[in-house]
Structures are given as structure tokens and as C-alpha cells.
Amino acid sequence: MSSSRRWWQWLIVTVLVVTLVAAVVFLRPMKDSDPNVTEPVSTPQFADSFYMPAEFQPQETLLLAGAQLAELHPDVLAAIVKAASSEVRIQILAGSSENRVLIESILANNGLSRTSVDILQMRILTMWLRDFGPVTVSDADGFRSMVDFHYRERRGNNRDNGIPASLAVSMGLNLMGSPMLAEGGDYLSNGRGLCLLSTRVINRNAHYLEMEPDQTMANFAALLGFETLSMVPPLKGESTGHADMFCAFVRPNLLVVGSYNPADDLENATQLDQIVEGFKDFPTLDGPLQVERIPMPDHNDGVWRTYTNIVFANGVLLVPIYPDYCPDLDEEALALYRRLLPDRRVVGIDASRLIKMNGALRCITMNIPRGSPIIPE
């Protein structure tokens with residue numbers, strides 16, 4: 001397919017999406033939805049010409065927000081590059097020329113070749129790239145565009161909200177903007193039209209844009225090409241409200257869900273059990289959805305450690321571990337992923353200090369899927 005033909009196709013698709021989204025925003029739905037629903041909810045697929053690839057599908061680039069990461073957690077930055085650079089192109093976003101020098105010194109001090117990564121200098125402030133980075137969608141031919149949700153600036157931060165546009169320009173991809181509030185940790189794609197979405201998105205947009213739950217779900221599905229949304233409530237007491245703190249897709253029909261010891265956290269143990277019960281016999285395009293449980297560390301010290309905030313980098317899976325707190329659970333988590341994904345190299349990355357800032361590995365990265373056909377039409 002010629003580039004000019006693709007350009008015209010995507011111009012038409014973009015116009016249709018904008019028109020449909022505008023219609024959904026301004027037309028009040030006939031009935032309200034319960035924002036606390038935990039069972040899968042089917043929604044209209046307005047934009048069935050594209051979809052959001054899953055992270056376990058082929059990846060072209062793994063982005064890291066090196067600005068704050070290099071300053072506060074250079075060990076994590078080096079460990080990710082060392083584990084994944086042979087499998088995927090890594091681009092590190094530097095916030096200044098001084099930050100670039102720091103990143104280069106971290107690579108050199110850890111025996112990592114400067115040629116193993118690309119360093120892009122952009123106006124970036126924080127390391128939580130999954131919160132504000134662009135979401136890449138693809139059509140059946142692998143032609144990609146990026147979606148940019150609004151990022152609510154924190155503590156005077158007005159830089160990170162512009163990163164998606166800068167990345168789209170640097171990669172030569174179309175960019176579709178949305179006024180909706182949605183952070184990357186709020187949702188997970190199985191790559192086949194199914195999305196796991198935190199009810200946090202419903203609640204935030206009800207307050208920020210005065211949108212009804214049905215409006216929010218329809219807009220979200222239209223923008224990212226989802227056919228079905230499954231709404232799940234966030235963990236009670238966990239500050240981010242993100243779904244990736246307790247769930248992870250590892251195959252189109254296989255979901256890993258955390259579990260808590262009821263003696264440590266009865267409320268969240270019960271809530272996660274209810275989520276799993278809601279998925280029983282739930283159909284996907286690849287057969288009934290299967291669920292594997294992964295024991296989660298307690299949070300008696302106020303730190304919400306997670307084993308589902310994982311990063312796929314083609315043949316490698318990066319898993320956060322906490323050797324100073326729960327080494328036995330670390331080994332159990334790594335063993336589970338190695339059993340589920342025997343064809344991948346599973347690497348544990350010490351996130352002991354990082355998690356104390358309320359985020360783990362997926363929070364500081366963003367995947368850019370490969371620009372080639374990923375699923376059949």
C-alpha cells in the first residue's frame with residue numbers, strides 16, 4: 001500500500017473518529033452505568049479499522065523517561081537497558097544537556113555500550129512516562145498513529161503533557177488528541193479488542209468533563225479501537241488507582257491477577273476474588289479468558305509492592321522484585337511468569353526504592369509496537 005493511499009485512509013479515519021467522539025460527548029446516553037461495575041461490559045466499536053496492540057506483541061521501541069529516572073534511580077535505568085537492549089530498540093528521553101551527560105555516564109559506568117540506546121533530548125520533567133506518554137494504535141496493515149489523552153499537570157508540571165506531540169513528530173506518526181483524562185496505568189489491552197479499564201477513568205472524567213459513565217466508555221472505546229471494556233475498581237487504599245498495579249495480560253486470553261492474603265488485607269483480597277469471579281467463562285476471540293493468580297506482598301509498611309507492573313520487550317519480560325522485603329515471593333512470581341511464558345527470558349529488576357514512590361517498571365516505560373501487521377484482518 002502506497003504512503004499517499006495510507007495517508008488518505010488515515011485522514012478519513014481520523015475525521016470519522018473525531019465526528020463520532022463529538023457526537024458521543026454531546027449526546028446524553030439513554031441510561032446511566034454503574035461506575036463501580038466489576039464485570040465485563042460490551043461497548044460499541046466505533047473505530048474498527050484500528051486497535052491498540054498488546055505489549056506482549058512485537059515491539060519496535062521501549063521508551064524510558066530518563067530525566068528524573070537517571071537522577072533518582074540510575075540502577076533501575078541501567079538494569080532495564082542491560083536486560084532489554086538486545087531485544088528491542090531503547091530510547092531514553094533526556095530533559096536537558098546535563099541530563100544527557102548523566103545518562104551517558106550511567107551507561108558507561110555499567111559497561112553498557114552507548115550504541116545500545118538512543119538518547120532524545122525533550123522537555124520532560126518526571127519519570128512516570130506511562131502516565132502521560134502517547135498510546136500507539138495500529139491498523140491491520142501495521143500503519144500506526146498515536147493517541148494523546150489529557151494529562152493533569154501535577155505540582156506545576158506543564159512539560160510532560162507535551163511529550164506525546166514531540167514523540168509523534170520525531171517518529172513521523174499521526175497524533176489524535178483527546179480532552180479525556182486517562183493515564184497509561186489505567187488500562188490494559190489484550191491486543192484483540194478487549195480492554196481492562198480502571199473505574200478511576202470513569203470517576204475522574206465525571207468530575208473533570210462532567211461526562212456520564214456511558215459517554216466515557218464510548219469515547220474511550222472509540223479512540224483506541226476497543227470492542228469490549230471490562231471495568232475494574234482500583235485497589236482500596238492504593239494511591240495511583242491504576243489497573244496495572246494488580247493485573248497484566250500475558251496472552252490474548254490469559255490474564256494475571258494479584259491476590260492478597262486475607263489476613264493482611266481482607267478488603268482487597270475479597271475485591272480481587274470478585275474481579276476474577278466476574279471473568280469466569282468470559283469469551284475472547286482466542287477462547288475463554290483464563291486467569292492466573294499471583295501472590296502480592298503485604299503493604300503493612302505503607303508500600304504497595306506489585307508483581308503485575310511488568311514490561312514486555314519482545315523476547316524478554318521484566319518483573320519488579322523486592323529482595324530486601326520479600327525474596328520468597330519474588331522467586332514465586334518469577335517462577336509463575338517462566339511457567340506461563342516459557343519462550344521468554346524472565347528477568348527480575350530490583351524496584352525496592354522505586355516502588356516507594358508509588359510506581360514500578362511499567363510506570364516508567366512506554367511501548368511502541370512494531371509497524372508491521374500484527375493480527376489478521
# chains A, B, ... in the order shown; residues from 1 in each chain; ligands from 1

$ select_by_dssp --residues "range 91-199 of chain A" --states "helix (DSSP H, G or I)" --output "PDB file with C-alpha atoms, in the first residue's frame"
ATOM      1  CA  SER A  97      22.013  18.510  28.021  1.00  0.00           C
ATOM      2  CA  GLU A  98      23.220  17.945  31.591  1.00  0.00           C
ATOM      3  CA  ASN A  99      20.765  15.083  31.956  1.00  0.00           C
ATOM      4  CA  ARG A 100      22.058  13.572  28.706  1.00  0.00           C
ATOM      5  CA  VAL A 101      25.606  13.619  30.088  1.00  0.00           C
ATOM      6  CA  LEU A 102      24.369  11.919  33.276  1.00  0.00           C
ATOM      7  CA  ILE A 103      22.613   9.177  31.290  1.00  0.00           C
ATOM      8  CA  GLU A 104      25.732   8.574  29.207  1.00  0.00           C
ATOM      9  CA  SER A 105      27.857   8.284  32.353  1.00  0.00           C
ATOM     10  CA  ILE A 106      25.400   5.766  33.872  1.00  0.00           C
ATOM     11  CA  LEU A 107      25.653   3.621  30.751  1.00  0.00           C
ATOM     12  CA  ALA A 108      29.469   3.841  30.742  1.00  0.00           C
ATOM     13  CA  ASN A 109      29.782   3.071  34.451  1.00  0.00           C
ATOM     14  CA  ARG A 114      26.390   3.966  24.106  1.00  0.00           C
ATOM     15  CA  THR A 115      25.180   2.432  20.835  1.00  0.00           C
ATOM     16  CA  SER A 116      22.724   0.228  22.761  1.00  0.00           C
ATOM     17  CA  LEU A 129       6.146   8.091  31.231  1.00  0.00           C
ATOM     18  CA  ARG A 130       3.278   5.598  31.328  1.00  0.00           C
ATOM     19  CA  ASP A 131       1.088   8.331  32.852  1.00  0.00           C
ATOM     20  CA  PHE A 132       1.464  10.860  30.048  1.00  0.00           C
ATOM     21  CA  ASP A 160       5.166  16.299  30.355  1.00  0.00           C
ATOM     22  CA  ASN A 161       1.789  16.979  28.739  1.00  0.00           C
ATOM     23  CA  GLY A 162       3.602  18.000  25.539  1.00  0.00           C
ATOM     24  CA  ILE A 163       5.721  14.851  25.239  1.00  0.00           C
ATOM     25  CA  PRO A 164       3.231  12.853  23.085  1.00  0.00           C
ATOM     26  CA  ALA A 165       3.230  15.536  20.383  1.00  0.00           C
ATOM     27  CA  SER A 166       7.032  15.701  20.405  1.00  0.00           C
ATOM     28  CA  LEU A 167       7.324  11.921  20.092  1.00  0.00           C
ATOM     29  CA  ALA A 168       4.746  11.737  17.282  1.00  0.00           C
ATOM     30  CA  VAL A 169       6.702  14.343  15.330  1.00  0.00           C
ATOM     31  CA  SER A 170      10.022  12.588  15.927  1.00  0.00           C
ATOM     32  CA  MET A 171       8.580   9.252  14.775  1.00  0.00           C
ATOM     33  CA  GLY A 184      -1.462   4.570  30.808  1.00  0.00           C
ATOM     34  CA  GLY A 185      -1.653   2.592  34.031  1.00  0.00           C
ATOM     35  CA  ASP A 186      -5.443   2.873  33.965  1.00  0.00           C
ATOM     36  CA  THR A 199     -13.177   2.789  37.145  1.00  0.00           C
TER      37      THR A 199
END

$ residues_around --residues "Pro320 in chain A" --least-positions-apart "2" --cutoff "8 Å" --atoms "only C-alpha atoms" --output "PyMOL selection string"
chain A and resi 306-307+309-310+318+322+348-351+360-361

$ write_last_selection --atoms "C-alpha atoms" --output "tab-separated table (two decimals), in the first residue's frame"
chain	number	residue	atom	x	y	z
A	306	THR	CA	3.33	-5.31	42.86
A	307	TYR	CA	4.29	-8.16	40.53
A	309	ASN	CA	3.62	-3.85	36.78
A	310	ILE	CA	5.69	-5.72	34.21
A	318	LEU	CA	10.98	-7.56	33.10
A	322	TYR	CA	11.90	-6.57	46.18
A	348	GLY	CA	13.77	-9.62	37.82
A	349	ILE	CA	14.60	-5.92	38.30
A	350	ASP	CA	15.10	-4.63	41.83
A	351	ALA	CA	12.39	-1.98	42.28
A	360	ALA	CA	7.26	0.17	39.35
A	361	LEU	CA	8.68	-0.86	35.96

$ residues_around --residues "Ala84 in chain A" --least-positions-apart "3" --cutoff "10 Å" --atoms "only C-alpha atoms" --output "CSV table (one decimal) with N, CA and C atoms, in the first residue's frame"
chain,number,residue,atom,x,y,z
A,62,LEU,N,11.2,0.6,23.1
A,62,LEU,CA,10.8,0.8,24.5
A,62,LEU,C,11.4,2.1,25.0
A,79,ALA,N,19.7,-1.4,34.7
A,79,ALA,CA,19.3,-2.8,34.7
A,79,ALA,C,18.3,-3.0,33.5
A,80,ILE,N,17.4,-2.1,33.2
A,80,ILE,CA,16.5,-2.2,32.1
A,80,ILE,C,17.2,-2.3,30.8
A,81,VAL,N,18.2,-1.3,30.6
A,81,VAL,CA,19.0,-1.3,29.4
A,81,VAL,C,19.7,-2.6,29.2
A,87,GLU,N,17.0,-7.0,22.7
A,87,GLU,CA,15.7,-7.5,22.2
A,87,GLU,C,14.9,-6.4,21.5
A,88,VAL,N,15.1,-5.1,21.9
A,88,VAL,CA,14.2,-4.0,21.4
A,88,VAL,C,15.1,-2.7,21.4
A,89,ARG,N,14.7,-1.8,20.5
A,89,ARG,CA,15.4,-0.5,20.5
A,89,ARG,C,14.9,0.2,21.7
A,90,ILE,N,15.9,0.8,22.4
A,90,ILE,CA,15.6,1.6,23.6
A,90,ILE,C,15.9,3.0,23.4
A,116,SER,N,23.8,1.1,22.4
A,116,SER,CA,22.7,0.2,22.8
A,116,SER,C,21.4,1.0,22.9
A,311,VAL,N,7.1,-5.3,32.3
A,311,VAL,CA,7.4,-4.7,31.0
A,311,VAL,C,7.8,-5.8,30.0
A,312,PHE,N,7.1,-5.8,28.8
A,312,PHE,CA,7.5,-6.7,27.8
A,312,PHE,C,8.4,-6.0,26.8
A,313,ALA,N,9.5,-6.7,26.4
A,313,ALA,CA,10.4,-6.2,25.4
A,313,ALA,C,10.8,-7.4,24.5
A,314,ASN,N,9.8,-7.8,23.7
A,314,ASN,CA,9.9,-8.9,22.7
A,314,ASN,C,10.3,-10.2,23.5
A,315,GLY,N,11.5,-10.7,23.3
A,315,GLY,CA,11.8,-12.0,24.0
A,315,GLY,C,12.1,-11.9,25.5
A,316,VAL,N,12.0,-10.7,26.1
A,316,VAL,CA,12.3,-10.5,27.5
A,316,VAL,C,11.1,-10.0,28.2
A,317,LEU,N,10.9,-10.5,29.4
A,317,LEU,CA,9.9,-9.9,30.3
A,317,LEU,C,10.6,-9.4,31.6
A,318,LEU,N,10.4,-8.2,31.9
A,318,LEU,CA,11.0,-7.6,33.1
A,318,LEU,C,9.9,-7.5,34.2
A,345,ARG,N,12.7,-14.8,28.1
A,345,ARG,CA,13.6,-14.7,29.2
A,345,ARG,C,13.0,-13.8,30.3
A,347,VAL,N,13.3,-11.7,33.6
A,347,VAL,CA,14.4,-11.0,34.4
A,347,VAL,C,13.8,-10.2,35.5

$ closest_residue --among "A:Ile202, A:Leu173, A:Val257, A:Leu194" --to "Asp286 in chain A" --atoms "only C-alpha atoms"
A:Leu194

$ closest_residue --among "A:Gly258, A:Asp298, A:Val135, A:Ile275" --to "Leu336 in chain A" --atoms "only C-alpha atoms"
A:Gly258

$ residues_around --residues "Pro295 in chain A" --least-positions-apart "4" --cutoff "8 Å" --atoms "only C-alpha atoms" --output "list in words"
Gly258, Ser259, Tyr260, Asn261, Leu329 and Ala333 of chain A

$ residues_around --residues "Asn203 in chain A" --least-positions-apart "6" --cutoff "12 Å" --atoms "only C-alpha atoms" --output "list in words"
Ser33, Asp34, Pro35, Asn36, Met180, Leu181, Ala182, Asp186, Leu197, Leu209, Glu210, Met211, Glu212, Pro213, Asp214, Gln215, Thr216, Met217, Met231, Pro233, Pro234 and Gly241 of chain A

$ atom_distance --atom1 "CA of Val76 in chain A" --atom2 "CA of Ile364 in chain A"
10.0 Å

$ residues_around --residues "Gln121 in chain A" --least-positions-apart "4" --cutoff "10 Å" --atoms "only C-alpha atoms" --output "PyMOL selection string"
chain A and resi 66-67+92-97+99-100

$ write_last_selection --atoms "N, CA and C atoms" --output "PDB file, in the first residue's frame"
ATOM      1  N   GLY A  66      14.189   9.304  30.998  1.00  0.00           N
ATOM      2  CA  GLY A  66      15.459   9.284  31.708  1.00  0.00           C
ATOM      3  C   GLY A  66      15.714  10.464  32.614  1.00  0.00           C
ATOM      4  N   ALA A  67      14.959  11.532  32.459  1.00  0.00           N
ATOM      5  CA  ALA A  67      15.249  12.757  33.211  1.00  0.00           C
ATOM      6  C   ALA A  67      15.332  12.491  34.709  1.00  0.00           C
ATOM      7  N   ILE A  92      15.856   6.726  25.346  1.00  0.00           N
ATOM      8  CA  ILE A  92      15.782   7.372  26.649  1.00  0.00           C
ATOM      9  C   ILE A  92      15.567   8.866  26.431  1.00  0.00           C
ATOM     10  N   LEU A  93      14.547   9.413  27.068  1.00  0.00           N
ATOM     11  CA  LEU A  93      14.225  10.827  26.918  1.00  0.00           C
ATOM     12  C   LEU A  93      14.971  11.621  27.983  1.00  0.00           C
ATOM     13  N   ALA A  94      15.872  12.475  27.540  1.00  0.00           N
ATOM     14  CA  ALA A  94      16.655  13.312  28.448  1.00  0.00           C
ATOM     15  C   ALA A  94      16.017  14.692  28.535  1.00  0.00           C
ATOM     16  N   GLY A  95      15.997  15.258  29.746  1.00  0.00           N
ATOM     17  CA  GLY A  95      15.337  16.536  29.941  1.00  0.00           C
ATOM     18  C   GLY A  95      16.206  17.748  29.676  1.00  0.00           C
ATOM     19  N   SER A  96      17.530  17.548  29.555  1.00  0.00           N
ATOM     20  CA  SER A  96      18.455  18.657  29.338  1.00  0.00           C
ATOM     21  C   SER A  96      19.778  18.087  28.861  1.00  0.00           C
ATOM     22  N   SER A  97      20.684  18.968  28.440  1.00  0.00           N
ATOM     23  CA  SER A  97      22.013  18.510  28.021  1.00  0.00           C
ATOM     24  C   SER A  97      22.766  17.919  29.201  1.00  0.00           C
ATOM     25  N   ASN A  99      21.377  16.381  31.709  1.00  0.00           N
ATOM     26  CA  ASN A  99      20.765  15.083  31.956  1.00  0.00           C
ATOM     27  C   ASN A  99      21.279  14.052  30.959  1.00  0.00           C
ATOM     28  N   ARG A 100      21.493  14.468  29.720  1.00  0.00           N
ATOM     29  CA  ARG A 100      22.058  13.572  28.706  1.00  0.00           C
ATOM     30  C   ARG A 100      23.438  13.076  29.132  1.00  0.00           C
TER      31      ARG A 100
END

$ select_by_dssp --residues "range 47-140 of chain A" --states "strand (DSSP E or B)" --output "number ranges by chain"
A: 50-51, 59-65, 89-94, 117-121, 135-139

$ residues_around --residues "range 355-358 of chain A" --least-positions-apart "6" --cutoff "10 Å" --atoms "only C-alpha atoms" --output "NGL selection string"
:A and (238-240 or 245 or 302-306 or 320-322)

$ write_last_selection --atoms "N, CA and C atoms" --output "JSON list (two decimals), in the first residue's frame"
[["chain", "number", "residue", "atom", "x", "y", "z"],
["A", 238, "GLU", "N", -4.71, 2.15, 47.73],
["A", 238, "GLU", "CA", -3.52, 2.31, 46.88],
["A", 238, "GLU", "C", -3.64, 3.63, 46.12],
["A", 239, "SER", "N", -2.61, 4.45, 46.12],
["A", 239, "SER", "CA", -2.75, 5.86, 45.72],
["A", 239, "SER", "C", -2.92, 6.09, 44.23],
["A", 240, "THR", "N", -2.36, 5.24, 43.35],
["A", 240, "THR", "CA", -2.43, 5.52, 41.92],
["A", 240, "THR", "C", -3.80, 5.20, 41.33],
["A", 245, "MET", "N", -1.43, -2.16, 38.60],
["A", 245, "MET", "CA", -0.87, -2.48, 39.90],
["A", 245, "MET", "C", -1.35, -3.84, 40.41],
["A", 302, "GLY", "N", 3.05, 0.44, 54.36],
["A", 302, "GLY", "CA", 2.52, 1.53, 53.55],
["A", 302, "GLY", "C", 2.99, 1.55, 52.12],
["A", 303, "VAL", "N", 3.79, 0.55, 51.70],
["A", 303, "VAL", "CA", 4.32, 0.48, 50.34],
["A", 303, "VAL", "C", 3.57, -0.62, 49.58],
["A", 304, "TRP", "N", 3.01, -0.26, 48.42],
["A", 304, "TRP", "CA", 2.18, -1.19, 47.65],
["A", 304, "TRP", "C", 3.03, -1.87, 46.57],
["A", 305, "ARG", "N", 3.76, -2.88, 46.96],
["A", 305, "ARG", "CA", 4.61, -3.64, 46.02],
["A", 305, "ARG", "C", 3.71, -4.48, 45.10],
["A", 306, "THR", "N", 4.14, -4.61, 43.86],
["A", 306, "THR", "CA", 3.33, -5.31, 42.86],
["A", 306, "THR", "C", 4.20, -6.18, 41.98],
["A", 320, "PRO", "N", 9.23, -6.56, 38.36],
["A", 320, "PRO", "CA", 9.75, -5.89, 39.55],
["A", 320, "PRO", "C", 9.88, -6.88, 40.72],
["A", 321, "ILE", "N", 11.00, -6.80, 41.42],
["A", 321, "ILE", "CA", 11.20, -7.64, 42.60],
["A", 321, "ILE", "C", 11.68, -6.77, 43.75],
["A", 322, "TYR", "N", 11.60, -7.33, 44.96],
["A", 322, "TYR", "CA", 11.90, -6.57, 46.18],
["A", 322, "TYR", "C", 12.71, -7.45, 47.13]]

$ atom_distance --atom1 "CA of Thr365 in chain A" --atom2 "CA of Trp128 in chain A"
7.5 Å

$ atom_distance --atom1 "CA of Met296 in chain A" --atom2 "CA of Leu255 in chain A"
15.2 Å
